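Taking it in order: structure first as structure tokens, then the write-up.
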Amino acid sequence: MKKKTKTIKVDYLARVEGEGGLYIKMKDDAVVDVKLKIFEPPRFFEAFLRDRDFREAPDITARICGICPVAYQMSAVHAMENALGIKIQGPLRDLRRLIYCGEWIESHVLHIYMLHAPDFLGYQDAIQMAKDHKAIVERGLKLKKAGNEIVALLGGREIHPINVKVGGFYKVFSKNELNVLSENLKWARDAALETVRWTAKLPFPEFEQDYEFVALSHPDEYPFNEGRLISNRGLNIDIAEYENNFVEEHVEHSNALHSVLKGGGSYFVGPMARFNLNFKRLSPIARQAAEEAGLKGVCQNPFKSIIVRSIEVLYACDEALRIIESYEKPDRPFEEMLPAEGEGFSCTEAPRGILYHRYKIDNQGKILEAKIVPPTSQNQKTIENDLYKFVPKYIQLPQEELTWQCEQAIRNYDPCISCATHFLKLDIERN
Amino acid sequence: MIGIGNLYRSDDAVGILIARKLKDIKSDQVNVQEQSGEGTSLMDAWKDYETVWIVDAVSSGEPPGSIHRLDASKQPIPTKFFSCSTHNFGVAEAIELARTLNQLPEQLKLYGIEGKNFQPGEVLSPEVEQAMESVSNEISKHFSSSS
């Protein structure tokens, strides 16, 4: 019998941040090749940072991504402070958690409501969905705004925040100024709970997989800026050991580097990894909502990441309110940082997963070397593995539907390909 | 007036650069903002304004430096203009979602400047630089007539 060959080629991945491409080749009902193509500017920012002053790193790296600038700022400041042997504590540390709460809310809500939910409800996009579900889309927009308000206040403006600096903030706020955020956040916490309940009712395909989840872990809190890197298969390392345990491989079809565990292969970062590895450290309201949604600390179906993101939005609203309530204005907005020769490492939890930064600086504070590993390049191999397993289940579908299913499987990861590249081209073509 | 773009993506910076030029000459009645192009933030940015001008770099296959003038309050935005936006829920999507939710400003004029190079970098193509001058002048005339 003659073998039939089928190819899926998607040059524009819709509803993925940035631009990317997908290529899948099948023989009969078996997938023989999957390539998720990401066109990464070859390390432009790492080169751009060299010879700059160490204080410039947070503002420059914040420009890498319009969706998660705070994550880049947080990883940059913590790596620089690590290089200088200083640890920021007290209210300044709390304010950093607070601004991160804002970014998680913004980023997750955008993905849940505008990019991911239309998949499950059978709409082409959020615009079509809004025609039938106006109130839900409006709730999403208002909920996202609660996150915007935190970032706008603490960051000094809504996009490309400018108030974060190595050592703290340029300006800090009185308790009354922060209290202004509380009213909307209380509404947002209720809306986030509704979001968990709403997403839990969406129809999900059966697709439980056995992954190695990697996330930060901190003994006392759900992780944002600090902790050891752990996995469900025994990884437990200090951030300084990151490059001894993970390696970036160049693959021909993608300009982005694929990150893999040395001797272990692909791994999974992001909300599901954080949730699975840190469930007990969620606040009671978030834990309870998760249990009601049928997730008692374990989620292995990436399609259900929409529920996990909603749980993290609920947590972020709750944590933001807790921080504001216990906040006392610090004596000074930042710790003075004098340049000194050193090397610093940092990993923080960007909305999409761990974001690793390493810098070497000289005794004048000049950056000699910079290394940045964004979450999407760490998930890339896992996304491809998912497609290998997912596509055969739907092979009989018409081309258009199969393509949509593949795009949906990619969107589970909320890939921010713009962190890795600007152009995210995704075409789908069948021969 | 909202300028959209990324300063480190060559011609993609043009919207931001125009916003910065206009900030210096605007009257008190005009508010000039910079945005990254993320759609839902844009919807917030134009809320409460009657007349809005948006400037963004586009890639539709026309010659570099071409200026597209679209009246978004009167007609849907062809999404092909924004396929190169950094973010997939971008300008065109925000305008159409706002139209569905009745959140469009009364007047929404969109200037799309055809870019040539969107690679990482900080230099505008000469064609785009020229278009930047024309669009800045054109919008500043609207500023003076509306104040």
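Labels used: A, B, ... for chains in the order of the structure tokens, numbers from 1 for residues in each chain, and numbers from 1 for ligands as shown.
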
Write out as a PDB file with N, CA and C atoms, in the first residue's frame each polymer residue whose atoms come within 8 Å of Glu93 of chain B, counting only C-alpha atoms; drop sequence neighbours fewer than 3 positions from it.
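Listed below is the output, out_21.pdb:
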ATOM      1  N   ILE A 127     -12.994  39.177  19.229  1.00  0.00           N
ATOM      2  CA  ILE A 127     -13.983  40.112  18.665  1.00  0.00           C
ATOM      3  C   ILE A 127     -15.294  39.362  18.381  1.00  0.00           C
TER       4      ILE A 127
ATOM      5  N   GLY B  39      -3.321  45.624  22.625  1.00  0.00           N
ATOM      6  CA  GLY B  39      -4.651  46.136  22.302  1.00  0.00           C
ATOM      7  C   GLY B  39      -5.488  46.630  23.467  1.00  0.00           C
ATOM      8  N   THR B  79      -7.060  43.933   8.671  1.00  0.00           N
ATOM      9  CA  THR B  79      -6.064  43.377   9.603  1.00  0.00           C
ATOM     10  C   THR B  79      -4.716  43.147   8.932  1.00  0.00           C
ATOM     11  N   PHE B  89      -2.835  40.497  19.850  1.00  0.00           N
ATOM     12  CA  PHE B  89      -4.031  41.283  20.094  1.00  0.00           C
ATOM     13  C   PHE B  89      -3.592  42.728  19.971  1.00  0.00           C
ATOM     14  N   GLY B  90      -3.561  43.202  18.756  1.00  0.00           N
ATOM     15  CA  GLY B  90      -2.911  44.469  18.469  1.00  0.00           C
ATOM     16  C   GLY B  90      -3.887  45.592  18.163  1.00  0.00           C
ATOM     17  N   GLU B  96     -11.439  46.898  16.452  1.00  0.00           N
ATOM     18  CA  GLU B  96     -12.649  46.131  16.113  1.00  0.00           C
ATOM     19  C   GLU B  96     -13.370  45.626  17.363  1.00  0.00           C
ATOM     20  N   LEU B  97     -12.611  45.262  18.401  1.00  0.00           N
ATOM     21  CA  LEU B  97     -13.270  44.848  19.651  1.00  0.00           C
ATOM     22  C   LEU B  97     -14.011  46.045  20.263  1.00  0.00           C
TER      23      LEU B  97
END

When you look at segment 144-148 of chain A with a cut-off of 7 Å (counting only C-alpha atoms), what residues show up, excluding the ones that are within fewer than 4 positions of it in the same chain? I need them as a PyMOL selection string. chain A and resi 102-103+105-106+109-110+140+152+158+184-185+188

Distance query Leu153 of chain A at most 10 Å, only C-alpha atoms, self and fewer than 5 positions along chain excluded, as a ChimeraX atom specification: /A:99,102,148,158,161,163,172-173,177-178,180-181

Can you write just those residues out, C-alpha atoms, as a compact mmCIF listing (two decimals), in the first residue's frame?
# COMPACT_ATOMS: atom_id res chain seq x y z
CA ILE A 99 4.47 45.10 40.85
CA GLY A 102 0.26 43.55 38.56
CA ASN A 148 -2.48 47.75 34.74
CA GLU A 158 1.66 51.73 32.10
CA PRO A 161 7.80 51.02 33.45
CA ASN A 163 10.50 53.45 38.22
CA VAL A 172 8.21 54.88 46.60
CA PHE A 173 4.68 55.50 47.75
CA GLU A 177 -1.26 56.09 47.64
CA LEU A 178 -1.24 52.28 47.59
CA VAL A 180 -6.14 53.70 46.15
CA LEU A 181 -5.50 50.40 44.38

If you run DSSP over the backbone, which residues in segment 165-343 of chain A end up strand (DSSP E or B)? Put them as an MDAnalysis selection string. chainID A and resid 165 168:169 213:217 228:231 236:237 246:250 257:261 265 268 334 342:343

Go ahead and dump the residues you just picked, N, CA and C atoms, as a short mmCIF file (atom, residue, chain, number, x, y, z; two decimals), in the first residue's frame.
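For reference, selection-v5.cif as written:
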data_model
loop_
_atom_site.label_atom_id
_atom_site.label_comp_id
_atom_site.auth_asym_id
_atom_site.auth_seq_id
_atom_site.Cartn_x
_atom_site.Cartn_y
_atom_site.Cartn_z
N LYS A 165 14.65 50.31 39.81
CA LYS A 165 16.09 50.49 39.65
C LYS A 165 16.85 49.45 40.47
N GLY A 168 16.29 49.14 44.35
CA GLY A 168 14.93 49.48 44.82
C GLY A 168 14.09 50.14 43.75
N PHE A 169 13.59 51.35 44.09
CA PHE A 169 12.75 52.12 43.15
C PHE A 169 13.26 53.56 43.14
N PHE A 213 8.29 19.33 35.38
CA PHE A 213 7.95 20.73 35.65
C PHE A 213 9.10 21.40 36.38
N VAL A 214 9.46 22.61 35.98
CA VAL A 214 10.54 23.34 36.64
C VAL A 214 10.04 24.73 37.05
N ALA A 215 10.23 25.06 38.32
CA ALA A 215 9.81 26.39 38.81
C ALA A 215 10.64 26.77 40.01
N LEU A 216 10.54 28.05 40.37
CA LEU A 216 11.16 28.49 41.62
C LEU A 216 10.36 27.93 42.79
N SER A 217 11.05 27.76 43.90
CA SER A 217 10.36 27.33 45.11
C SER A 217 10.96 28.05 46.30
N ARG A 228 14.83 28.54 45.20
CA ARG A 228 15.67 27.59 44.49
C ARG A 228 14.89 27.06 43.30
N LEU A 229 15.61 26.55 42.32
CA LEU A 229 14.94 25.96 41.17
C LEU A 229 14.73 24.48 41.45
N ILE A 230 13.46 24.07 41.39
CA ILE A 230 13.20 22.66 41.67
C ILE A 230 12.37 22.04 40.54
N SER A 231 12.33 20.71 40.52
CA SER A 231 11.44 20.03 39.57
C SER A 231 10.78 18.85 40.27
N ASN A 236 17.02 20.32 42.31
CA ASN A 236 16.93 21.26 43.44
C ASN A 236 18.25 22.02 43.49
N ILE A 237 18.29 23.18 42.85
CA ILE A 237 19.57 23.88 42.67
C ILE A 237 19.46 25.36 43.02
N PHE A 246 21.26 23.32 32.84
CA PHE A 246 20.47 23.52 31.62
C PHE A 246 21.41 23.93 30.50
N VAL A 247 21.09 23.50 29.30
CA VAL A 247 21.95 23.88 28.19
C VAL A 247 21.06 24.35 27.03
N GLU A 248 21.53 25.36 26.32
CA GLU A 248 20.77 25.85 25.17
C GLU A 248 21.34 25.23 23.90
N GLU A 249 20.45 24.60 23.13
CA GLU A 249 20.90 23.95 21.90
C GLU A 249 20.43 24.77 20.70
N HIS A 250 21.30 24.92 19.75
CA HIS A 250 20.88 25.59 18.53
C HIS A 250 20.20 24.58 17.62
N LEU A 257 17.10 29.59 20.67
CA LEU A 257 17.80 28.40 21.14
C LEU A 257 16.82 27.55 21.94
N HIS A 258 16.91 26.24 21.78
CA HIS A 258 16.10 25.33 22.60
C HIS A 258 16.83 25.05 23.90
N SER A 259 16.16 25.24 25.00
CA SER A 259 16.80 24.97 26.28
C SER A 259 16.38 23.57 26.75
N VAL A 260 17.35 22.78 27.18
CA VAL A 260 17.04 21.43 27.69
C VAL A 260 17.81 21.19 28.99
N LEU A 261 17.31 20.24 29.77
CA LEU A 261 18.01 19.82 30.98
C LEU A 261 19.16 18.93 30.55
N GLY A 265 16.57 16.26 28.92
CA GLY A 265 15.70 16.61 27.81
C GLY A 265 14.77 17.77 28.11
N PHE A 268 9.16 21.81 31.42
CA PHE A 268 7.94 22.62 31.30
C PHE A 268 8.00 23.72 32.35
N PHE A 334 15.58 53.42 47.83
CA PHE A 334 16.52 52.41 47.29
C PHE A 334 17.77 52.33 48.15
N GLY A 342 32.11 41.74 39.58
CA GLY A 342 31.41 40.54 40.05
C GLY A 342 30.57 39.89 38.97
N GLU A 343 30.00 38.76 39.33
CA GLU A 343 29.09 38.04 38.44
C GLU A 343 27.82 37.75 39.22
#

Report as a ChimeraX atom specification all protein, DNA and RNA residues lying within 6 Å of segment 107-120 of chain B, evaluated on only C-alpha atoms, omitting residues in the same chain fewer than 4 positions from it. /B:8-12,51-59,64-73

Give me the residues within 10 Å of Leu22 of chain B as a VMD selection string, counting only C-alpha atoms and dropping any in the same chain fewer than 2 places off. chain B and resid 1 3 16 to 20 24 to 27 30 to 33 136 to 137 139 to 140 143

Can you build me a table of chain B residues sitting at most 10 Å from chain A, with the closest atom pair per residue and its distance in Å to one decimal, using only C-alpha atoms, sorted by chain and residue number, as CSV?
residue,atom,partner,partner_atom,distance
B:Gly5,CA,A:Gly66,CA,9.5
B:Asn6,CA,A:Arg63,CA,7.4
B:Leu7,CA,A:Arg63,CA,8.0
B:Tyr8,CA,A:Arg63,CA,7.4
B:Arg9,CA,A:His422,CA,8.1
B:Glu34,CA,A:Ile159,CA,8.0
B:Gln35,CA,A:Ile159,CA,6.4
B:Ser36,CA,A:Gly66,CA,5.8
B:Gly37,CA,A:Gly66,CA,8.0
B:Glu38,CA,A:Gly66,CA,7.3
B:Gly39,CA,A:Leu110,CA,9.3
B:Thr40,CA,A:Leu141,CA,6.9
B:Ser41,CA,A:Asn148,CA,8.1
B:Met43,CA,A:Leu141,CA,9.1
B:Asp44,CA,A:Lys145,CA,8.3
B:Ala45,CA,A:Glu158,CA,9.8
B:Ser83,CA,A:Tyr12,CA,8.7
B:Cys84,CA,A:Phe423,CA,6.5
B:Ser85,CA,A:Gly18,CA,7.3
B:Thr86,CA,A:Gly18,CA,4.9
B:His87,CA,A:Glu17,CA,4.8
B:Asn88,CA,A:Arg15,CA,5.2
B:Phe89,CA,A:Arg15,CA,6.7
B:Gly90,CA,A:Glu17,CA,9.6
B:Glu93,CA,A:Ile127,CA,7.3
B:Ala94,CA,A:Ile127,CA,8.6
B:Ile95,CA,A:Ile127,CA,9.6
B:Glu96,CA,A:Ile127,CA,6.7
B:Leu97,CA,A:Ile127,CA,4.9
B:Ala98,CA,A:Ile127,CA,8.6
B:Arg99,CA,A:Ile127,CA,9.0
B:Thr100,CA,A:Lys131,CA,6.5
B:Leu101,CA,A:Lys134,CA,7.0
B:Phe118,CA,A:His422,CA,7.8
B:Gln119,CA,A:Pro41,CA,7.3
B:Pro120,CA,A:Phe44,CA,6.6
B:Gly121,CA,A:Phe44,CA,8.4

Name the residues of chain B that fall into alpha helix (DSSP H) according to DSSP on the backbone, using the chain letters and numbers of this document, as a VMD selection string. chain B and resid 14 to 23 39 to 46 91 to 100 126 to 146

Nearest residue to Asp362 of chain A out of A:Val32, A:Met74, A:Leu84, A:Leu321, using only C-alpha atoms? A:Leu84

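Of note, atom CA of Gln380 of chain A and atom CA of Ala62 of chain A are spaced 21.9 Å apart.
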
By how many Å are atom CA of Asn363 of chain A and atom CA of Leu338 of chain A apart? 9.3 Å
